[in-house]
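Raw run.pdb, PDB, C-alpha atoms:
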ATOM      1  CA  MET A  55     -12.123 -50.300 -28.072
ATOM      2  CA  GLN A  56      -8.578 -49.697 -26.850
ATOM      3  CA  PRO A  57      -7.565 -50.778 -23.326
ATOM      4  CA  THR A  58      -7.543 -48.070 -20.669
ATOM      5  CA  LYS A  59      -4.082 -46.815 -19.737
ATOM      6  CA  LEU A  60      -3.714 -47.336 -15.977
ATOM      7  CA  LEU A  61      -1.874 -44.265 -14.734
ATOM      8  CA  TYR A  62      -2.047 -45.356 -11.078
ATOM      9  CA  LEU A  63       0.187 -48.330 -11.887
ATOM     10  CA  GLU A  64       3.072 -46.004 -12.689
ATOM     11  CA  ASN A  65       2.408 -43.379 -10.015
ATOM     12  CA  PHE A  66       0.089 -44.278  -7.152
ATOM     13  CA  THR A  67       0.381 -40.764  -5.642
ATOM     14  CA  GLN A  68      -1.159 -39.145  -8.736
ATOM     15  CA  LEU A  69      -4.709 -38.041  -7.994
ATOM     16  CA  GLU A  70      -5.472 -35.902 -11.056
ATOM     17  CA  ALA A  71      -5.006 -36.334 -14.807
ATOM     18  CA  PRO A  72      -6.463 -35.301 -18.160
ATOM     19  CA  ALA A  73      -8.267 -37.900 -20.250
ATOM     20  CA  GLN A  74     -10.467 -38.326 -23.301
ATOM     21  CA  VAL A  75     -13.932 -39.860 -23.290
ATOM     22  CA  LEU A  76     -14.080 -42.998 -25.449
ATOM     23  CA  ASP A  77     -17.588 -44.205 -24.656
ATOM     24  CA  ILE A  78     -20.683 -43.364 -22.593
ATOM     25  CA  THR A  79     -23.322 -46.006 -21.862
ATOM     26  CA  GLU A  80     -26.015 -46.861 -19.337
ATOM     27  CA  GLU A  81     -25.930 -49.939 -17.102
ATOM     28  CA  ASN A  82     -28.425 -50.769 -14.346
ATOM     29  CA  GLY A  83     -29.659 -47.206 -14.133
ATOM     30  CA  LYS A  84     -26.161 -45.723 -13.873
ATOM     31  CA  THR A  85     -23.991 -43.902 -16.400
ATOM     32  CA  VAL A  86     -20.751 -45.649 -17.396
ATOM     33  CA  VAL A  87     -17.872 -43.554 -18.747
ATOM     34  CA  ILE A  88     -14.824 -45.138 -20.381
ATOM     35  CA  LEU A  89     -11.682 -43.029 -20.839
ATOM     36  CA  ASP A  90      -8.444 -43.485 -22.735
ATOM     37  CA  GLN A  91      -6.534 -43.287 -19.426
ATOM     38  CA  THR A  92      -7.368 -43.007 -15.739
ATOM     39  CA  VAL A  93      -5.977 -42.380 -12.261
ATOM     40  CA  PHE A  94      -9.031 -44.031 -10.677
ATOM     41  CA  TYR A  95      -8.274 -47.404  -9.079
ATOM     42  CA  PRO A  96     -10.846 -50.078  -9.996
ATOM     43  CA  GLN A  97     -11.783 -52.528  -7.264
ATOM     44  CA  GLY A  98      -9.600 -55.628  -7.263
ATOM     45  CA  GLY A  99      -6.793 -57.407  -5.472
ATOM     46  CA  GLY A 100      -8.648 -57.066  -2.197
ATOM     47  CA  GLN A 101      -8.683 -53.246  -2.406
ATOM     48  CA  PRO A 102     -11.835 -51.126  -2.868
ATOM     49  CA  PHE A 103     -12.279 -48.659  -5.726
ATOM     50  CA  ASP A 104     -11.554 -44.943  -5.766
ATOM     51  CA  THR A 105     -14.264 -42.308  -5.894
ATOM     52  CA  GLY A 106     -14.149 -38.712  -7.119
ATOM     53  CA  ILE A 107     -15.249 -36.558 -10.030
ATOM     54  CA  ILE A 108     -14.623 -36.188 -13.756
ATOM     55  CA  THR A 109     -15.180 -32.713 -15.144
ATOM     56  CA  GLY A 110     -15.668 -31.659 -18.742
ATOM     57  CA  LYS A 111     -16.398 -28.456 -20.590
ATOM     58  CA  ASN A 112     -20.144 -28.962 -20.305
ATOM     59  CA  GLY A 113     -20.662 -31.346 -17.408
ATOM     60  CA  THR A 114     -19.579 -32.975 -14.149
ATOM     61  CA  PHE A 115     -19.589 -36.726 -13.547
ATOM     62  CA  ILE A 116     -19.688 -38.119  -9.981
ATOM     63  CA  VAL A 117     -17.641 -41.352  -9.854
ATOM     64  CA  GLU A 118     -19.364 -43.696  -7.405
ATOM     65  CA  GLU A 119     -17.772 -46.996  -8.446
ATOM     66  CA  VAL A 120     -14.850 -48.126 -10.627
ATOM     67  CA  ARG A 121     -14.470 -51.563 -12.241
ATOM     68  CA  PHE A 122     -11.929 -53.214 -14.548
ATOM     69  CA  VAL A 123     -13.564 -55.280 -17.316
ATOM     70  CA  ASP A 124     -11.805 -56.796 -20.340
ATOM     71  CA  GLY A 125      -8.926 -54.338 -20.235
ATOM     72  CA  MET A 126     -11.130 -51.270 -19.822
ATOM     73  CA  VAL A 127     -11.900 -49.245 -16.703
ATOM     74  CA  LYS A 128     -15.573 -48.488 -16.192
ATOM     75  CA  HIS A 129     -16.258 -45.289 -14.256
ATOM     76  CA  ILE A 130     -19.769 -45.769 -12.903
ATOM     77  CA  GLY A 131     -21.929 -43.006 -11.451
ATOM     78  CA  ILE A 132     -24.107 -40.065 -12.368
ATOM     79  CA  ILE A 133     -23.740 -36.886 -14.413
ATOM     80  CA  SER A 134     -24.672 -34.260 -11.833
ATOM     81  CA  ASP A 135     -25.090 -31.467 -14.373
ATOM     82  CA  GLY A 136     -24.657 -30.928 -18.101
ATOM     83  CA  ASN A 137     -23.465 -33.789 -20.302
ATOM     84  CA  PHE A 138     -20.434 -35.589 -21.717
ATOM     85  CA  GLN A 139     -19.690 -36.465 -25.327
ATOM     86  CA  THR A 140     -17.367 -39.026 -26.888
ATOM     87  CA  GLU A 141     -13.915 -37.704 -27.820
ATOM     88  CA  GLU A 142     -14.367 -34.885 -25.298
ATOM     89  CA  LYS A 143     -11.382 -33.851 -23.188
ATOM     90  CA  VAL A 144     -12.053 -34.167 -19.442
ATOM     91  CA  HIS A 145     -10.204 -33.945 -16.127
ATOM     92  CA  CYS A 146     -10.115 -36.721 -13.502
ATOM     93  CA  SER A 147      -9.885 -35.964  -9.765
ATOM     94  CA  VAL A 148      -9.654 -38.795  -7.215
ATOM     95  CA  GLU A 149     -11.079 -38.173  -3.743
ATOM     96  CA  GLN A 150      -7.922 -37.966  -1.631
ATOM     97  CA  ARG A 151      -9.253 -39.119   1.741
ATOM     98  CA  THR A 152     -10.593 -42.414   0.370
ATOM     99  CA  ARG A 153      -7.436 -43.107  -1.637
ATOM    100  CA  THR A 154      -5.244 -42.393   1.389
ATOM    101  CA  ILE A 155      -7.031 -44.713   3.815
ATOM    102  CA  ASN A 156      -7.315 -47.481   1.213
ATOM    103  CA  SER A 157      -3.592 -47.202   0.445
ATOM    104  CA  ARG A 158      -2.650 -47.272   4.134
ATOM    105  CA  ILE A 159      -4.789 -50.334   4.816
ATOM    106  CA  HIS A 160      -3.521 -52.134   1.717
ATOM    107  CA  SER A 161       0.120 -51.404   2.537
ATOM    108  CA  ALA A 162      -0.426 -52.520   6.137
ATOM    109  CA  GLY A 163      -1.599 -55.906   4.881
ATOM    110  CA  HIS A 164       1.704 -56.355   3.080
ATOM    111  CA  VAL A 165       3.630 -55.283   6.182
ATOM    112  CA  VAL A 166       1.820 -58.018   8.111
ATOM    113  CA  ASP A 167       3.131 -60.403   5.452
ATOM    114  CA  MET A 168       6.629 -59.017   5.986
ATOM    115  CA  ALA A 169       6.336 -59.750   9.708
ATOM    116  CA  VAL A 170       5.073 -63.286   9.077
ATOM    117  CA  TYR A 171       8.006 -63.891   6.751
ATOM    118  CA  ALA A 172      10.488 -62.396   9.233
ATOM    119  CA  LEU A 173       9.205 -64.806  11.907
ATOM    120  CA  LYS A 174       9.932 -67.733   9.537
ATOM    121  CA  LEU A 175       6.477 -69.210  10.062
ATOM    122  CA  ASN A 176       6.431 -70.895   6.627
ATOM    123  CA  TRP A 177       2.856 -69.760   6.005
ATOM    124  CA  ILE A 178       1.803 -69.496   2.360
ATOM    125  CA  PRO A 179       0.057 -66.183   1.556
ATOM    126  CA  GLY A 180      -3.500 -66.411   0.289
ATOM    127  CA  LYS A 181      -6.483 -64.077   0.215
ATOM    128  CA  GLY A 182      -6.222 -60.454   1.296
ATOM    129  CA  TYR A 183      -9.145 -58.218   2.243
ATOM    130  CA  HIS A 184      -8.017 -54.596   2.531
ATOM    131  CA  PHE A 185     -11.344 -52.846   3.114
ATOM    132  CA  PRO A 186     -11.878 -50.396   5.999
ATOM    133  CA  ASP A 187     -14.689 -52.488   7.525
ATOM    134  CA  GLY A 188     -12.358 -55.211   8.805
ATOM    135  CA  PRO A 189      -9.147 -55.923   6.864
ATOM    136  CA  TYR A 190      -7.350 -59.247   7.082
ATOM    137  CA  VAL A 191      -4.826 -61.441   5.324
ATOM    138  CA  GLU A 192      -5.054 -65.211   5.076
ATOM    139  CA  TYR A 193      -2.406 -67.920   4.935
ATOM    140  CA  SER A 194      -2.305 -71.670   4.625
ATOM    141  CA  GLY A 195      -0.137 -73.324   7.227
ATOM    142  CA  ASN A 196      -0.016 -74.551  10.777
ATOM    143  CA  ILE A 197      -0.090 -72.821  14.142
ATOM    144  CA  ASP A 198      -0.338 -74.169  17.677
ATOM    145  CA  ALA A 199      -3.538 -72.746  19.117
ATOM    146  CA  GLN A 200      -1.828 -72.364  22.482
ATOM    147  CA  ASN A 201       0.738 -70.006  20.912
ATOM    148  CA  LYS A 202      -1.850 -67.896  19.087
ATOM    149  CA  GLU A 203      -1.816 -65.011  21.576
ATOM    150  CA  SER A 204       1.984 -64.720  21.688
ATOM    151  CA  MET A 205       2.144 -65.035  17.903
ATOM    152  CA  GLN A 206      -0.356 -62.192  17.575
ATOM    153  CA  LYS A 207       1.873 -59.965  19.732
ATOM    154  CA  ASP A 208       5.011 -60.939  17.800
ATOM    155  CA  ILE A 209       3.454 -60.152  14.410
ATOM    156  CA  GLU A 210       2.221 -56.801  15.679
ATOM    157  CA  ARG A 211       5.576 -55.885  17.204
ATOM    158  CA  ILE A 212       7.599 -56.729  14.105
ATOM    159  CA  ALA A 213       5.085 -55.123  11.740
ATOM    160  CA  ASN A 214       5.372 -51.842  13.639
ATOM    161  CA  GLU A 215       9.153 -52.090  13.626
ATOM    162  CA  PHE A 216       8.981 -52.155   9.813
ATOM    163  CA  VAL A 217       6.636 -49.150   9.872
ATOM    164  CA  GLN A 218       9.069 -47.249  12.099
ATOM    165  CA  GLU A 219      11.897 -48.004   9.663
ATOM    166  CA  ASN A 220       9.883 -45.903   7.180
ATOM    167  CA  ARG A 221      11.042 -47.911   4.173
ATOM    168  CA  GLU A 222      10.512 -46.236   0.823
ATOM    169  CA  THR A 223       8.081 -47.815  -1.630
ATOM    170  CA  LYS A 224       9.384 -48.430  -5.131
ATOM    171  CA  LEU A 225       7.704 -49.869  -8.226
ATOM    172  CA  VAL A 226       9.373 -52.366 -10.556
ATOM    173  CA  PHE A 227       7.807 -53.726 -13.749
ATOM    174  CA  MET A 228       9.060 -57.170 -14.698
ATOM    175  CA  GLU A 229       7.997 -60.449 -16.237
ATOM    176  CA  LYS A 230       6.191 -62.806 -13.900
ATOM    177  CA  GLU A 231       8.882 -65.449 -14.449
ATOM    178  CA  LYS A 232      11.495 -63.128 -12.904
ATOM    179  CA  MET A 233       9.512 -62.052  -9.851
ATOM    180  CA  HIS A 234      10.834 -64.875  -7.658
ATOM    181  CA  LYS A 235      14.198 -63.083  -7.606
ATOM    182  CA  VAL A 236      12.776 -60.270  -5.434
ATOM    183  CA  CYS A 237       9.555 -61.800  -4.032
ATOM    184  CA  HIS A 238       9.365 -64.593  -1.479
ATOM    185  CA  PHE A 239       5.997 -65.671  -2.927
ATOM    186  CA  VAL A 240       4.529 -65.268  -6.427
ATOM    187  CA  PRO A 241       0.892 -66.415  -6.843
ATOM    188  CA  ASP A 242      -0.266 -68.271  -9.941
ATOM    189  CA  TYR A 243      -3.332 -66.053 -10.421
ATOM    190  CA  LEU A 244      -1.675 -62.800 -11.464
ATOM    191  CA  PRO A 245      -3.873 -61.058 -14.081
ATOM    192  CA  GLU A 246      -2.711 -61.384 -17.671
ATOM    193  CA  ASN A 247      -4.428 -58.194 -18.911
ATOM    194  CA  LYS A 248      -2.401 -55.742 -16.791
ATOM    195  CA  PRO A 249       1.315 -54.884 -16.708
ATOM    196  CA  ALA A 250       3.181 -57.165 -14.278
ATOM    197  CA  ARG A 251       4.361 -55.049 -11.350
ATOM    198  CA  VAL A 252       6.242 -55.632  -8.120
ATOM    199  CA  VAL A 253       5.961 -53.284  -5.145
ATOM    200  CA  MET A 254       9.229 -53.063  -3.209
ATOM    201  CA  TYR A 255       9.320 -52.147   0.487
ATOM    202  CA  GLY A 256      13.069 -51.858   0.776
ATOM    203  CA  ASP A 257      14.306 -55.300  -0.308
ATOM    204  CA  PHE A 258      10.928 -57.010   0.244
ATOM    205  CA  GLY A 259       8.966 -57.480  -2.990
ATOM    206  CA  ILE A 260       5.247 -58.153  -3.467
ATOM    207  CA  PRO A 261       3.516 -58.745  -6.816
ATOM    208  CA  CYS A 262       0.704 -56.200  -6.591
ATOM    209  CA  GLY A 263      -1.267 -53.803  -8.792
ATOM    210  CA  GLY A 264      -2.855 -51.744  -6.013
ATOM    211  CA  THR A 265      -2.119 -48.333  -4.532
ATOM    212  CA  HIS A 266       0.300 -47.897  -1.631
ATOM    213  CA  VAL A 267       1.904 -45.411   0.721
ATOM    214  CA  SER A 268       5.109 -43.738  -0.460
ATOM    215  CA  ASN A 269       6.903 -44.619   2.782
ATOM    216  CA  LEU A 270       5.862 -47.195   5.367
ATOM    217  CA  GLY A 271       5.773 -44.556   8.095
ATOM    218  CA  GLU A 272       2.620 -43.161   6.452
ATOM    219  CA  ILE A 273       0.705 -46.287   7.513
ATOM    220  CA  GLY A 274       0.716 -45.368  11.191
ATOM    221  CA  ARG A 275       0.434 -47.918  13.952
ATOM    222  CA  ILE A 276      -0.765 -51.407  12.983
ATOM    223  CA  THR A 277      -2.844 -53.429  15.437
ATOM    224  CA  ILE A 278      -3.286 -57.173  15.029
ATOM    225  CA  ARG A 279      -6.863 -57.580  16.211
ATOM    226  CA  LYS A 280      -7.010 -61.373  16.199
ATOM    227  CA  ILE A 281      -5.793 -64.584  14.622
ATOM    228  CA  LYS A 282      -8.456 -67.077  13.587
ATOM    229  CA  ILE A 283      -7.727 -70.692  12.663
ATOM    230  CA  LYS A 284     -10.069 -72.749  10.491
ATOM    231  CA  GLY A 285      -8.576 -75.982   9.217
ATOM    232  CA  ASP A 286      -5.274 -75.070   7.587
ATOM    233  CA  VAL A 287      -6.401 -71.471   6.922
ATOM    234  CA  ILE A 288      -4.970 -68.839   9.249
ATOM    235  CA  ARG A 289      -6.680 -65.444   9.136
ATOM    236  CA  VAL A 290      -4.782 -62.483  10.591
ATOM    237  CA  SER A 291      -7.121 -59.531  11.143
ATOM    238  CA  TYR A 292      -5.563 -56.105  11.539
ATOM    239  CA  SER A 293      -6.333 -52.388  11.640
ATOM    240  CA  VAL A 294      -4.456 -49.100  11.236
ATOM    241  CA  ALA A 295      -4.688 -46.070  13.469
ATOM    242  CA  SER A 296      -7.311 -43.545  12.327
TER     243      SER A 296
END

Can the structure in the file be given as C-alpha cells, please?
Amino acid sequence: MQPTKLLYLENFTQLEAPAQVLDITEENGKTVVILDQTVFYPQGGGQPFDTGIITGKNGTFIVEEVRFVDGMVKHIGIISDGNFQTEEKVHCSVEQRTRTINSRIHSAGHVVDMAVYALKLNWIPGKGYHFPDGPYVEYSGNIDAQNKESMQKDIERIANEFVQENRETKLVFMEKEKMHKVCHFVPDYLPENKPARVVMYGDFGIPCGGTHVSNLGEIGRITIRKIKIKGDVIRVSYSVAS
C-alpha cells in the first residue's frame, strides 16, 4: 500500500482536506481507516495526536486516535453511522481546539529551547513531552543547584521576550546533512520515513515534524513551573496560559 501523504507537514494550519479511502480494517475492537492523504497529526515527537471526524457519502467516522506505522497513517475510531468503502472519496475535519492547544504547547517547548540557547548554557537538547497534562523539555548538561531558582526566572523571562517578538513560523524542507546550517542542534534519531523538515522561528531552526503556531505571539504567556535535576539530566517543566 502506498505511503500516506502528510498534508500537515506542508501546512500545519490546514484543518480540512479531501481524501480517498485505501483500506478499512479492525484492530482491538476499533475500526482503522487508511487514506491516501491526511491532515490528521499522528502521535509522535512528543506531541499527541489530533482528533476529529471523517465524513463520506454514506457514513461518518469519529477519529479517536491517530498513529503513524510503516509510512501509513492509521485513523483509529468508530463509524458512528453508515459505512465506508475502499476507494470512496471522503472529507477530513480536524478538531480545532485540540490542534490549537497541542500546537501552542509544542511551540512553547521550542521557545524554551531558544531561551536556553540564548543564555549560552551549553545544554544538549533531549526528550520533549508536549502533552497538556504536564509538558517539559529535557537536556543533558550541568547546573548549579543553588542557581536553579534564578535560572528558572531567566528562562521564563527570555522565553516570553521571544513570544512578544511574535516571530513568524516558516517551514523549510532540506536534507538532514544540511540542517546544521540553520539549527544549533540536529539529533541523530530523525525518522527516515518522513520528509526532513526544519521549523524556523525567525533565524532559529528546529528539526521537527509536528504542528506549530503561525506566529509565536499565539502561544501566550509561558510559565516555567520548575527545573528538576537528576544526574546529568535537566528537566524544564513549563505551561502556557489557558

Please provide the set of residues having any atom within 12 Å of stretch 147-152 of chain A, restricted to only C-alpha atoms, with same-chain residues fewer than 3 positions apart removed, written as a ChimeraX atom specification.
/A:62,66-73,92-96,101-110,114-120,129,144,155-159,185-186,265,296

Using the chain letters and numbering of this document, enumerate as a ChimeraX atom specification the residues selected by the PyMOL selection byres ((chain A and resi 228) around 9).
/A:226-227,229-233,249-252

Smallest atom-to-atom distance to A:Asn65: which of A:Ile178, A:Val86, A:Val267, A:Ala169, using only C-alpha atoms?
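Comparing A:Ile178, A:Val86, A:Val267, A:Ala169 against A:Asn65, the winner is A:Val267.
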
What is the distance, in Å and to one decimal place, between atom CA of A:Ala172 and atom CA of A:Ser268?
21.7 Å

For a cut-off of 10 Å around (-0.8, -53.3, 1.9), file coordinates, pick out all residues using only C-alpha atoms and list them as a list in words.
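Those within range, by chain then number, are Gly100, Gln101, Asn156, Ser157, Arg158, Ile159, His160, Ser161, Ala162, Gly163, His164, Val165, Val166, Asp167, Gly182, Tyr183, His184, Val191, Val253, Ile260, Cys262, Gly264, Thr265, His266, Val267, Leu270 and Ile273 of chain A.
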
Working from the structure I just supplied, which lacks atoms in stretch 136-150 of chain A, can you model N, CA, C and O atoms there and output them as a PDB file, keeping the file's coordinate frame?
ATOM      1  N   GLY A 136     -25.178 -30.973 -16.741  1.00  0.00           N
ATOM      2  CA  GLY A 136     -24.657 -30.928 -18.101  1.00  0.00           C
ATOM      3  C   GLY A 136     -24.606 -32.294 -18.746  1.00  0.00           C
ATOM      4  O   GLY A 136     -25.432 -33.172 -18.468  1.00  0.00           O
ATOM      5  N   ASN A 137     -23.585 -32.522 -19.589  1.00  0.00           N
ATOM      6  CA  ASN A 137     -23.465 -33.789 -20.302  1.00  0.00           C
ATOM      7  C   ASN A 137     -22.028 -33.988 -20.769  1.00  0.00           C
ATOM      8  O   ASN A 137     -21.224 -33.049 -20.788  1.00  0.00           O
ATOM      9  N   PHE A 138     -21.722 -35.217 -21.141  1.00  0.00           N
ATOM     10  CA  PHE A 138     -20.434 -35.589 -21.717  1.00  0.00           C
ATOM     11  C   PHE A 138     -20.669 -36.059 -23.142  1.00  0.00           C
ATOM     12  O   PHE A 138     -21.757 -36.548 -23.484  1.00  0.00           O
ATOM     13  N   GLN A 139     -19.635 -35.954 -23.972  1.00  0.00           N
ATOM     14  CA  GLN A 139     -19.690 -36.465 -25.327  1.00  0.00           C
ATOM     15  C   GLN A 139     -18.434 -37.277 -25.610  1.00  0.00           C
ATOM     16  O   GLN A 139     -17.377 -37.002 -25.035  1.00  0.00           O
ATOM     17  N   THR A 140     -18.542 -38.247 -26.504  1.00  0.00           N
ATOM     18  CA  THR A 140     -17.367 -39.026 -26.888  1.00  0.00           C
ATOM     19  C   THR A 140     -16.336 -38.113 -27.562  1.00  0.00           C
ATOM     20  O   THR A 140     -16.691 -37.142 -28.224  1.00  0.00           O
ATOM     21  N   GLU A 141     -15.080 -38.449 -27.337  1.00  0.00           N
ATOM     22  CA  GLU A 141     -13.915 -37.704 -27.820  1.00  0.00           C
ATOM     23  C   GLU A 141     -13.699 -36.386 -27.068  1.00  0.00           C
ATOM     24  O   GLU A 141     -12.760 -35.641 -27.369  1.00  0.00           O
ATOM     25  N   GLU A 142     -14.524 -36.111 -26.084  1.00  0.00           N
ATOM     26  CA  GLU A 142     -14.367 -34.885 -25.298  1.00  0.00           C
ATOM     27  C   GLU A 142     -13.175 -35.008 -24.352  1.00  0.00           C
ATOM     28  O   GLU A 142     -12.894 -36.073 -23.793  1.00  0.00           O
ATOM     29  N   LYS A 143     -12.464 -33.914 -24.158  1.00  0.00           N
ATOM     30  CA  LYS A 143     -11.382 -33.851 -23.188  1.00  0.00           C
ATOM     31  C   LYS A 143     -11.968 -33.554 -21.811  1.00  0.00           C
ATOM     32  O   LYS A 143     -12.793 -32.642 -21.656  1.00  0.00           O
ATOM     33  N   VAL A 144     -11.536 -34.332 -20.799  1.00  0.00           N
ATOM     34  CA  VAL A 144     -12.053 -34.167 -19.442  1.00  0.00           C
ATOM     35  C   VAL A 144     -10.886 -34.192 -18.446  1.00  0.00           C
ATOM     36  O   VAL A 144      -9.748 -34.465 -18.814  1.00  0.00           O
ATOM     37  N   HIS A 145     -11.220 -33.938 -17.187  1.00  0.00           N
ATOM     38  CA  HIS A 145     -10.204 -33.945 -16.127  1.00  0.00           C
ATOM     39  C   HIS A 145     -10.669 -34.847 -14.987  1.00  0.00           C
ATOM     40  O   HIS A 145     -11.799 -34.701 -14.494  1.00  0.00           O
ATOM     41  N   CYS A 146      -9.800 -35.773 -14.569  1.00  0.00           N
ATOM     42  CA  CYS A 146     -10.115 -36.721 -13.502  1.00  0.00           C
ATOM     43  C   CYS A 146      -9.543 -36.228 -12.176  1.00  0.00           C
ATOM     44  O   CYS A 146      -8.392 -35.798 -12.111  1.00  0.00           O
ATOM     45  N   SER A 147     -10.332 -36.338 -11.108  1.00  0.00           N
ATOM     46  CA  SER A 147      -9.885 -35.964  -9.765  1.00  0.00           C
ATOM     47  C   SER A 147     -10.331 -37.040  -8.777  1.00  0.00           C
ATOM     48  O   SER A 147     -11.538 -37.219  -8.546  1.00  0.00           O
ATOM     49  N   VAL A 148      -9.368 -37.750  -8.201  1.00  0.00           N
ATOM     50  CA  VAL A 148      -9.654 -38.795  -7.215  1.00  0.00           C
ATOM     51  C   VAL A 148      -9.857 -38.158  -5.843  1.00  0.00           C
ATOM     52  O   VAL A 148      -9.131 -37.222  -5.467  1.00  0.00           O
ATOM     53  N   GLU A 149     -10.832 -38.650  -5.098  1.00  0.00           N
ATOM     54  CA  GLU A 149     -11.079 -38.173  -3.743  1.00  0.00           C
ATOM     55  C   GLU A 149      -9.927 -38.620  -2.849  1.00  0.00           C
ATOM     56  O   GLU A 149      -9.700 -39.815  -2.661  1.00  0.00           O
ATOM     57  N   GLN A 150      -9.187 -37.671  -2.306  1.00  0.00           N
ATOM     58  CA  GLN A 150      -7.922 -37.966  -1.631  1.00  0.00           C
ATOM     59  C   GLN A 150      -8.106 -38.775  -0.348  1.00  0.00           C
ATOM     60  O   GLN A 150      -7.341 -39.707  -0.076  1.00  0.00           O
TER      61      GLN A 150
END
